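Engineer: File name work-v8.cif; file contents mmCIF, C-alpha atoms; full text below.
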data_work
#
loop_
_atom_site.label_atom_id
_atom_site.label_comp_id
_atom_site.auth_asym_id
_atom_site.auth_seq_id
_atom_site.Cartn_x
_atom_site.Cartn_y
_atom_site.Cartn_z
CA MET A 1 98.32 -8.57 -34.26
CA LYS A 2 99.29 -12.06 -35.46
CA LYS A 3 100.32 -12.97 -31.91
CA TYR A 4 96.90 -11.98 -30.53
CA LEU A 5 95.15 -13.87 -33.32
CA PHE A 6 97.22 -16.97 -32.49
CA TYR A 7 96.25 -16.87 -28.80
CA PHE A 8 92.61 -16.25 -29.73
CA LEU A 9 92.58 -19.33 -31.98
CA ILE A 10 94.24 -21.44 -29.28
CA SER A 11 91.60 -20.35 -26.75
CA LEU A 12 88.87 -21.34 -29.20
CA VAL A 13 90.39 -24.78 -29.60
CA PHE A 14 90.47 -25.37 -25.85
CA THR A 15 86.95 -24.03 -25.48
CA ASN A 16 85.70 -26.43 -28.14
CA LEU A 17 87.56 -29.34 -26.58
CA HIS A 18 85.94 -28.53 -23.24
CA ALA A 19 82.51 -28.29 -24.86
CA GLN A 20 82.98 -31.58 -26.71
CA LYS A 21 84.07 -33.52 -23.62
CA LYS A 22 81.46 -36.11 -22.80
CA MET A 23 81.07 -38.07 -19.61
CA ILE A 24 81.80 -41.77 -20.04
CA ILE A 25 78.90 -43.97 -18.95
CA PRO A 26 80.12 -47.37 -17.66
CA PRO A 27 78.53 -50.42 -19.32
CA TYR A 28 75.10 -51.16 -17.92
CA LEU A 29 74.73 -54.48 -16.14
CA GLN A 30 73.29 -57.66 -17.58
CA LYS A 31 71.98 -60.70 -15.77
CA GLY A 32 74.87 -62.89 -14.69
CA ASP A 33 77.20 -59.95 -14.02
CA THR A 34 79.03 -59.67 -10.70
CA ILE A 35 78.82 -56.80 -8.23
CA ALA A 36 81.28 -56.34 -5.35
CA ILE A 37 80.39 -55.07 -1.87
CA VAL A 38 83.23 -53.23 -0.12
CA ALA A 39 83.76 -50.79 2.74
CA THR A 40 85.52 -47.49 2.03
CA ALA A 41 84.71 -45.74 5.30
CA ARG A 42 82.93 -46.85 8.49
CA LYS A 43 83.26 -50.46 9.52
CA ASN A 44 80.51 -52.99 8.95
CA VAL A 45 81.04 -55.89 11.33
CA GLU A 46 77.42 -57.00 11.62
CA ASP A 47 75.92 -59.92 9.71
CA ASN A 48 73.43 -57.62 7.98
CA LEU A 49 74.04 -58.01 4.25
CA GLN A 50 71.72 -60.90 3.46
CA PRO A 51 68.74 -58.71 2.43
CA ALA A 52 70.92 -56.75 -0.03
CA ILE A 53 72.46 -59.94 -1.40
CA GLU A 54 68.95 -61.28 -1.98
CA TRP A 55 68.02 -58.10 -3.90
CA LEU A 56 70.98 -58.61 -6.18
CA HIS A 57 70.28 -62.30 -6.69
CA ASN A 58 66.66 -61.48 -7.55
CA TRP A 59 68.00 -59.07 -10.16
CA GLY A 60 70.07 -61.89 -11.66
CA LEU A 61 73.42 -60.67 -10.35
CA GLU A 62 76.28 -62.48 -8.65
CA VAL A 63 77.90 -61.05 -5.50
CA VAL A 64 81.49 -60.87 -4.24
CA ILE A 65 82.13 -59.68 -0.67
CA GLY A 66 85.28 -57.60 -0.21
CA LYS A 67 87.94 -58.23 2.41
CA THR A 68 87.05 -54.99 4.21
CA ILE A 69 83.63 -56.29 5.23
CA GLY A 70 84.05 -57.30 8.87
CA LEU A 71 87.36 -55.51 9.44
CA ASP A 72 87.46 -53.49 12.66
CA TYR A 73 89.92 -50.62 12.98
CA ASN A 74 88.36 -48.26 15.52
CA GLN A 75 85.58 -46.54 13.54
CA LEU A 76 86.93 -47.66 10.19
CA ALA A 77 86.70 -50.84 8.13
CA GLY A 78 90.41 -51.51 8.31
CA THR A 79 93.34 -49.19 7.79
CA ASP A 80 93.45 -46.71 4.93
CA GLN A 81 95.77 -49.07 3.08
CA GLU A 82 93.45 -52.06 3.60
CA ARG A 83 90.38 -50.20 2.40
CA ALA A 84 92.24 -48.81 -0.62
CA ALA A 85 93.65 -52.24 -1.50
CA ASP A 86 90.20 -53.85 -1.37
CA PHE A 87 88.70 -51.15 -3.60
CA GLN A 88 91.68 -51.35 -5.96
CA THR A 89 91.26 -55.11 -6.29
CA MET A 90 87.63 -54.70 -7.31
CA MET A 91 88.45 -51.88 -9.74
CA ASP A 92 91.16 -53.95 -11.42
CA ASN A 93 89.16 -57.19 -11.62
CA PRO A 94 87.59 -57.36 -15.12
CA ASN A 95 84.90 -59.75 -13.85
CA ILE A 96 83.54 -57.15 -11.42
CA LYS A 97 81.06 -54.89 -13.23
CA ALA A 98 80.01 -52.66 -10.32
CA ILE A 99 81.29 -51.73 -6.84
CA TRP A 100 78.70 -51.13 -4.12
CA CYS A 101 79.95 -49.30 -1.03
CA VAL A 102 78.45 -50.90 2.07
CA ARG A 103 77.90 -47.72 4.09
CA GLY A 104 79.03 -44.14 4.62
CA GLY A 105 80.22 -42.48 7.80
CA TYR A 106 83.71 -41.10 7.36
CA GLY A 107 86.93 -42.36 5.84
CA THR A 108 86.75 -42.42 2.03
CA ILE A 109 88.73 -39.18 1.86
CA ARG A 110 91.60 -40.93 3.67
CA MET A 111 92.01 -43.56 0.92
CA ILE A 112 91.11 -41.72 -2.30
CA ASP A 113 94.71 -40.65 -3.02
CA LEU A 114 95.95 -44.22 -2.57
CA LEU A 115 93.93 -45.43 -5.56
CA ASP A 116 95.24 -45.95 -9.08
CA PHE A 117 92.50 -45.42 -11.68
CA THR A 118 94.58 -46.56 -14.68
CA LYS A 119 92.73 -49.84 -15.22
CA PHE A 120 89.41 -48.24 -14.29
CA LYS A 121 89.85 -45.74 -17.13
CA GLN A 122 90.46 -48.61 -19.52
CA SER A 123 87.47 -50.61 -18.27
CA PRO A 124 85.09 -48.41 -16.23
CA LYS A 125 82.44 -49.85 -13.95
CA TRP A 126 79.67 -48.47 -11.77
CA VAL A 127 80.46 -47.17 -8.29
CA ILE A 128 77.38 -46.93 -6.07
CA GLY A 129 76.57 -45.29 -2.74
CA PHE A 130 75.77 -41.99 -1.06
CA SER A 131 76.82 -39.80 1.88
CA ASP A 132 80.61 -40.27 2.37
CA VAL A 133 80.75 -42.01 -1.02
CA THR A 134 80.35 -38.49 -2.47
CA VAL A 135 84.17 -38.39 -2.33
CA LEU A 136 84.29 -41.12 -4.98
CA HIS A 137 81.45 -39.63 -7.02
CA SER A 138 83.08 -36.21 -7.29
CA HIS A 139 86.53 -37.67 -8.00
CA LEU A 140 85.19 -40.03 -10.69
CA ASN A 141 83.09 -37.29 -12.29
CA ASN A 142 86.22 -35.12 -12.52
CA LEU A 143 87.98 -38.00 -14.25
CA GLY A 144 85.09 -38.12 -16.73
CA PHE A 145 83.05 -41.08 -15.47
CA ALA A 146 79.45 -41.36 -14.33
CA SER A 147 78.50 -43.05 -11.05
CA ILE A 148 75.33 -43.79 -9.08
CA HIS A 149 74.16 -41.94 -5.97
CA GLY A 150 71.79 -44.41 -4.34
CA ILE A 151 71.01 -46.77 -1.51
CA MET A 152 73.69 -48.96 0.04
CA PRO A 153 73.68 -52.59 1.23
CA VAL A 154 72.89 -51.52 4.81
CA SER A 155 69.82 -49.57 3.61
CA VAL A 156 67.55 -52.42 4.70
CA LYS A 157 64.62 -50.04 5.26
CA ALA A 158 64.79 -48.68 1.72
CA THR A 159 61.44 -48.32 -0.02
CA GLU A 160 60.60 -50.55 -2.96
CA GLU A 161 60.71 -47.43 -5.15
CA ALA A 162 64.26 -46.66 -4.03
CA LYS A 163 65.42 -50.22 -4.70
CA GLU A 164 63.72 -50.29 -8.09
CA SER A 165 65.33 -46.97 -9.06
CA LEU A 166 68.76 -48.47 -8.33
CA ARG A 167 67.95 -51.53 -10.42
CA LYS A 168 66.83 -49.35 -13.33
CA SER A 169 70.00 -47.25 -13.07
CA LEU A 170 72.26 -50.30 -13.11
CA PHE A 171 70.51 -52.00 -16.02
CA GLY A 172 70.18 -48.86 -18.14
CA GLU A 173 66.39 -48.66 -18.12
CA SER A 174 64.50 -45.40 -18.58
CA LEU A 175 64.81 -43.19 -15.49
CA GLU A 176 62.43 -40.31 -14.85
CA TYR A 177 61.03 -38.82 -11.65
CA THR A 178 57.90 -36.73 -11.14
CA VAL A 179 57.37 -35.22 -7.69
CA PRO A 180 54.70 -32.85 -6.32
CA CYS A 181 55.41 -29.14 -6.38
CA ASP A 182 57.00 -27.79 -3.20
CA PRO A 183 56.02 -24.23 -2.16
CA MET A 184 59.71 -23.29 -2.02
CA ASN A 185 60.43 -24.38 -5.60
CA ARG A 186 61.73 -21.90 -8.15
CA TYR A 187 60.07 -22.48 -11.51
CA GLY A 188 61.80 -22.95 -14.82
CA SER A 189 63.47 -25.55 -16.99
CA ALA A 190 67.09 -26.48 -17.53
CA LYS A 191 69.28 -29.16 -19.01
CA GLY A 192 72.76 -30.14 -17.95
CA GLU A 193 75.05 -32.72 -16.44
CA LEU A 194 74.07 -33.81 -12.93
CA VAL A 195 76.74 -33.51 -10.23
CA GLY A 196 76.80 -33.38 -6.46
CA GLY A 197 75.96 -35.48 -3.43
CA ASN A 198 76.38 -34.80 0.27
CA LEU A 199 76.82 -31.06 0.90
CA SER A 200 79.26 -31.48 3.81
CA ILE A 201 81.49 -33.70 1.68
CA LEU A 202 81.35 -31.37 -1.33
CA TYR A 203 82.32 -28.51 1.00
CA SER A 204 85.27 -30.52 2.36
CA LEU A 205 86.55 -31.31 -1.16
CA LEU A 206 86.83 -27.71 -2.35
CA GLY A 207 90.39 -26.85 -3.28
CA SER A 208 91.36 -30.48 -3.92
CA SER A 209 91.64 -32.54 -7.10
CA SER A 210 88.27 -34.06 -6.18
CA ALA A 211 86.50 -30.68 -5.93
CA ILE A 212 83.16 -30.41 -7.68
CA ASP A 213 83.00 -28.73 -11.10
CA CYS A 214 79.76 -26.74 -11.29
CA THR A 215 80.20 -25.13 -14.70
CA ASP A 216 76.93 -25.47 -16.67
CA LYS A 217 75.85 -28.29 -14.34
CA ILE A 218 72.74 -29.24 -12.39
CA LEU A 219 73.73 -29.53 -8.73
CA PHE A 220 72.20 -32.09 -6.36
CA ILE A 221 72.75 -31.64 -2.61
CA GLU A 222 71.57 -33.41 0.53
CA ASP A 223 72.76 -33.61 4.13
CA LEU A 224 72.20 -35.06 7.58
CA ASP A 225 72.65 -33.99 11.20
CA GLU A 226 74.05 -30.49 10.61
CA TYR A 227 73.57 -27.18 12.38
CA LEU A 228 71.71 -24.54 10.41
CA TYR A 229 74.53 -22.01 10.59
CA HIS A 230 76.87 -24.64 9.15
CA ILE A 231 74.54 -25.16 6.18
CA ASP A 232 74.74 -21.39 5.63
CA ARG A 233 78.55 -21.53 5.90
CA MET A 234 78.78 -24.32 3.33
CA MET A 235 76.41 -22.64 0.89
CA MET A 236 78.30 -19.37 1.22
CA ASN A 237 81.55 -21.22 0.52
CA LEU A 238 80.08 -22.70 -2.68
CA LYS A 239 79.01 -19.19 -3.64
CA ARG A 240 82.41 -17.62 -2.92
CA ASN A 241 84.14 -20.39 -4.89
CA GLY A 242 82.07 -19.48 -7.96
CA CYS A 243 80.10 -22.73 -7.96
CA LEU A 244 76.60 -21.27 -7.82
CA GLU A 245 76.90 -18.56 -10.46
CA SER A 246 77.65 -21.10 -13.21
CA LEU A 247 74.88 -23.59 -12.40
CA LYS A 248 71.89 -24.29 -14.62
CA GLY A 249 69.70 -25.68 -11.85
CA ILE A 250 69.63 -27.20 -8.36
CA ILE A 251 67.98 -30.28 -6.85
CA VAL A 252 67.77 -30.19 -3.06
CA GLY A 253 67.26 -33.64 -1.56
CA GLY A 254 66.67 -34.55 2.05
CA MET A 255 68.00 -32.14 4.65
CA THR A 256 67.48 -34.50 7.54
CA LYS A 257 67.71 -33.97 11.32
CA MET A 258 68.93 -30.38 11.19
CA HIS A 259 69.85 -28.61 14.45
CA ASP A 260 69.72 -25.05 15.71
CA ASN A 261 71.57 -23.25 18.49
CA GLU A 262 70.07 -21.85 21.68
CA ILE A 263 70.01 -18.50 19.90
CA PRO A 264 68.11 -19.39 16.68
CA TRP A 265 69.72 -18.84 13.28
CA GLY A 266 66.47 -17.33 12.05
CA LYS A 267 65.89 -19.40 8.92
CA ASN A 268 65.13 -23.06 8.36
CA VAL A 269 67.39 -25.12 6.11
CA LEU A 270 65.39 -24.57 2.92
CA GLU A 271 65.17 -20.83 3.56
CA ILE A 272 68.96 -20.74 3.97
CA ILE A 273 69.50 -22.44 0.61
CA ASP A 274 66.89 -20.23 -1.04
CA ASP A 275 68.46 -17.07 0.37
CA VAL A 276 71.90 -17.94 -1.03
CA THR A 277 70.73 -19.20 -4.44
CA LYS A 278 67.87 -16.88 -5.43
CA PRO A 279 70.11 -14.20 -7.03
CA TYR A 280 70.95 -16.68 -9.82
CA HIS A 281 67.40 -17.08 -11.18
CA ILE A 282 67.70 -20.79 -11.94
CA PRO A 283 65.14 -23.56 -11.39
CA VAL A 284 65.33 -25.22 -7.97
CA ILE A 285 63.56 -28.37 -6.75
CA TYR A 286 63.21 -28.71 -2.97
CA ASN A 287 62.51 -31.88 -0.95
CA PHE A 288 63.45 -34.25 -3.76
CA PRO A 289 63.30 -37.86 -2.47
CA ALA A 290 67.04 -38.61 -2.30
CA GLY A 291 69.40 -38.59 0.65
CA HIS A 292 69.41 -39.96 4.19
CA SER A 293 65.94 -41.46 4.15
CA ALA A 294 64.32 -44.75 3.24
CA ASP A 295 62.97 -43.21 0.03
CA ASN A 296 66.41 -42.56 -1.43
CA HIS A 297 65.91 -42.56 -5.21
CA ALA A 298 68.92 -43.30 -7.39
CA LEU A 299 70.58 -40.49 -9.33
CA ILE A 300 73.13 -41.06 -12.09
CA LEU A 301 75.78 -38.42 -11.43
CA GLY A 302 77.57 -37.38 -14.59
CA LYS A 303 74.60 -38.00 -16.85
CA GLN A 304 72.59 -35.33 -18.68
CA VAL A 305 69.25 -34.51 -17.08
CA THR A 306 66.36 -32.21 -17.85
CA LEU A 307 64.61 -30.28 -15.07
CA GLU A 308 61.06 -29.09 -15.48
CA VAL A 309 59.71 -27.16 -12.51
CA ASN A 310 56.22 -25.59 -12.49
CA ASP A 311 53.39 -24.90 -10.06
CA LEU A 312 51.97 -28.41 -10.42
CA GLU A 313 54.94 -30.77 -10.36
CA SER A 314 58.67 -31.17 -10.84
CA LYS A 315 60.31 -33.56 -13.28
CA VAL A 316 63.84 -34.92 -13.44
CA ILE A 317 64.38 -36.76 -16.72
CA PHE A 318 67.61 -38.62 -17.50
CA ASP A 319 68.68 -38.66 -21.14
#
Using the file provided, produce a representation of the structure as structure tokens.

Structural biologist:
Amino acid sequence: MKKYLFYFLISLVFTNLHAQKKMIIPPYLQKGDTIAIVATARKNVEDNLQPAIEWLHNWGLEVVIGKTIGLDYNQLAGTDQERAADFQTMMDNPNIKAIWCVRGGYGTIRMIDLLDFTKFKQSPKWVIGFSDVTVLHSHLNNLGFASIHGIMPVSVKATEEAKESLRKSLFGESLEYTVPCDPMNRYGSAKGELVGGNLSILYSLLGSSSAIDCTDKILFIEDLDEYLYHIDRMMMNLKRNGCLESLKGIIVGGMTKMHDNEIPWGKNVLEIIDDVTKPYHIPVIYNFPAGHSADNHALILGKQVTLEVNDLESKVIFD
């Protein structure tokens, strides 16, 4: 009996420790701070960064360009070692307060295990980007640090609202979104830590140390240029891995440029997501303005958010 009581008490301790764990929010930026622009995936050899540099200067920030900008290694911005070394330099530099990934594509997964987060843990900073940068978001969130899913330096067509949302996120200003009700929405309210990013990347990370933790979370997903059956495959994999049953809510961003086969799948992308998630009776927002579009509003992954979904509008409120 005493043995069982001992194990019960130990389990309570670990449960409480888990419940008390809070995500670390990196220091918000102040005017005069420096932000680094680096490439973790696809190469960026064009002279196309001036608009983004001007945004940052207008916000009162200084800019450092990483050594990977301009490197050309087939599709990638340098070798895995070069990209990792550039990112590591910016993480370890105490004068750099945020790291802005220049673009997505593919390649971040190839360098993530080459990084040493020791100094980052001692002095965290914001990591910003979307799409392939989801690798970094999920890995950092697992380590206990928040990051920003938002536009990148090559997002020259970004709306003013998208740019302003990134500025607010970086400077710690109040962040709240209200969007019109979508007919597919599932009503309700929920509160939890926001996690997620690109669905294809989240799917590829399952089973690794960077895999998403969905327990009591609000999941954000978006994607680009996928076949409908593959969306179904990825959603079913999240389900079979136990990710969906423990969620408090879902935000579905842009599902852009989806494809179908000659023999149709039979459901559109939102119907696929609805079909897989409706057994869980949680609030869902569809067509939220974030993802592979010009109107890509910033989301602070790792921060607590409140969802309010009704027949008039949907709200996403960051604590």

Engineer: Would you list the contacts of Met91 of chain A as a list in words, taking every protein, DNA or RNA residue within 9 Å and counting only C-alpha atoms, but skipping same-chain residues closer than 5 positions in sequence?

Structural biologist: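 What passes the distance filter is Asp86, Ile96, Lys97, Ala98, Ile99, Phe117, Lys119, Phe120, Ser123, Pro124 and Lys125 of chain A.
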
Engineer: Could you write out that same residue set with C-alpha atoms as a PDB file, in the coordinates of the input?

Structural biologist:
ATOM      1  CA  ASP A  86      90.200 -53.850  -1.370  1.00  0.00           C
ATOM      2  CA  ILE A  96      83.540 -57.150 -11.420  1.00  0.00           C
ATOM      3  CA  LYS A  97      81.060 -54.890 -13.230  1.00  0.00           C
ATOM      4  CA  ALA A  98      80.010 -52.660 -10.320  1.00  0.00           C
ATOM      5  CA  ILE A  99      81.290 -51.730  -6.840  1.00  0.00           C
ATOM      6  CA  PHE A 117      92.500 -45.420 -11.680  1.00  0.00           C
ATOM      7  CA  LYS A 119      92.730 -49.840 -15.220  1.00  0.00           C
ATOM      8  CA  PHE A 120      89.410 -48.240 -14.290  1.00  0.00           C
ATOM      9  CA  SER A 123      87.470 -50.610 -18.270  1.00  0.00           C
ATOM     10  CA  PRO A 124      85.090 -48.410 -16.230  1.00  0.00           C
ATOM     11  CA  LYS A 125      82.440 -49.850 -13.950  1.00  0.00           C
TER      12      LYS A 125
END

Engineer: With a distance cut-off of 12 Å and all atoms listed in the file, select the neighbouring residues of segment 43-57 of chain A, excluding the residue or stretch itself and same-chain residues fewer than 5 positions from it, and output the selection as a short mmCIF file (atom, residue, chain, number, x, y, z; two decimals) with C-alpha atoms, keeping the file's coordinate frame.

Structural biologist:
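Saved the output as around_15.cif:
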data_model
loop_
_atom_site.label_atom_id
_atom_site.label_comp_id
_atom_site.auth_asym_id
_atom_site.auth_seq_id
_atom_site.Cartn_x
_atom_site.Cartn_y
_atom_site.Cartn_z
CA LEU A 29 74.73 -54.48 -16.14
CA GLN A 30 73.29 -57.66 -17.58
CA LYS A 31 71.98 -60.70 -15.77
CA GLY A 32 74.87 -62.89 -14.69
CA ASP A 33 77.20 -59.95 -14.02
CA THR A 34 79.03 -59.67 -10.70
CA ILE A 35 78.82 -56.80 -8.23
CA ALA A 36 81.28 -56.34 -5.35
CA ILE A 37 80.39 -55.07 -1.87
CA VAL A 38 83.23 -53.23 -0.12
CA GLU A 62 76.28 -62.48 -8.65
CA VAL A 63 77.90 -61.05 -5.50
CA VAL A 64 81.49 -60.87 -4.24
CA ILE A 65 82.13 -59.68 -0.67
CA GLY A 66 85.28 -57.60 -0.21
CA LYS A 67 87.94 -58.23 2.41
CA THR A 68 87.05 -54.99 4.21
CA ILE A 69 83.63 -56.29 5.23
CA GLY A 70 84.05 -57.30 8.87
CA LEU A 71 87.36 -55.51 9.44
CA ASP A 72 87.46 -53.49 12.66
CA TYR A 73 89.92 -50.62 12.98
CA ASN A 74 88.36 -48.26 15.52
CA GLN A 75 85.58 -46.54 13.54
CA LEU A 76 86.93 -47.66 10.19
CA ALA A 77 86.70 -50.84 8.13
CA GLY A 78 90.41 -51.51 8.31
CA THR A 79 93.34 -49.19 7.79
CA ASP A 80 93.45 -46.71 4.93
CA GLU A 82 93.45 -52.06 3.60
CA ARG A 83 90.38 -50.20 2.40
CA ALA A 98 80.01 -52.66 -10.32
CA TRP A 100 78.70 -51.13 -4.12
CA CYS A 101 79.95 -49.30 -1.03
CA VAL A 102 78.45 -50.90 2.07
CA ARG A 103 77.90 -47.72 4.09
CA GLY A 104 79.03 -44.14 4.62
CA GLY A 105 80.22 -42.48 7.80
CA TYR A 106 83.71 -41.10 7.36
CA GLY A 107 86.93 -42.36 5.84
CA THR A 108 86.75 -42.42 2.03
CA ILE A 151 71.01 -46.77 -1.51
CA MET A 152 73.69 -48.96 0.04
CA PRO A 153 73.68 -52.59 1.23
CA VAL A 154 72.89 -51.52 4.81
CA SER A 155 69.82 -49.57 3.61
CA VAL A 156 67.55 -52.42 4.70
CA LYS A 157 64.62 -50.04 5.26
CA ALA A 158 64.79 -48.68 1.72
CA GLU A 160 60.60 -50.55 -2.96
CA LYS A 163 65.42 -50.22 -4.70
CA GLU A 164 63.72 -50.29 -8.09
CA LEU A 166 68.76 -48.47 -8.33
CA ARG A 167 67.95 -51.53 -10.42
CA LEU A 170 72.26 -50.30 -13.11
CA PHE A 171 70.51 -52.00 -16.02
#

Engineer: Just to confirm, what's the straight-line distance from atom CA of Ile272 of chain A to atom CA of Pro289 of chain A in Å (one decimal)?

Structural biologist: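 One can read the atom CA of Ile272 of chain A to atom CA of Pro289 of chain A distance as 19.1 Å.
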
Engineer: Set the distance at 10 Å and use only C-alpha atoms: which residues neighbour segment 187-189 of chain A once local chain neighbours fewer than 6 positions away are removed? I'd like the list as a PyMOL selection string.

Structural biologist: chain A and resi 181+248-249+281-285+306-311+313-315

Engineer: My list of candidates is A:Ile128, A:Leu312, A:Ala162, A:Ala39. Which is closest to Ala85 of chain A when distances are computed with only C-alpha atoms?

Structural biologist: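 For Ala85 of chain A, the nearest of the candidates is A:Ala39.
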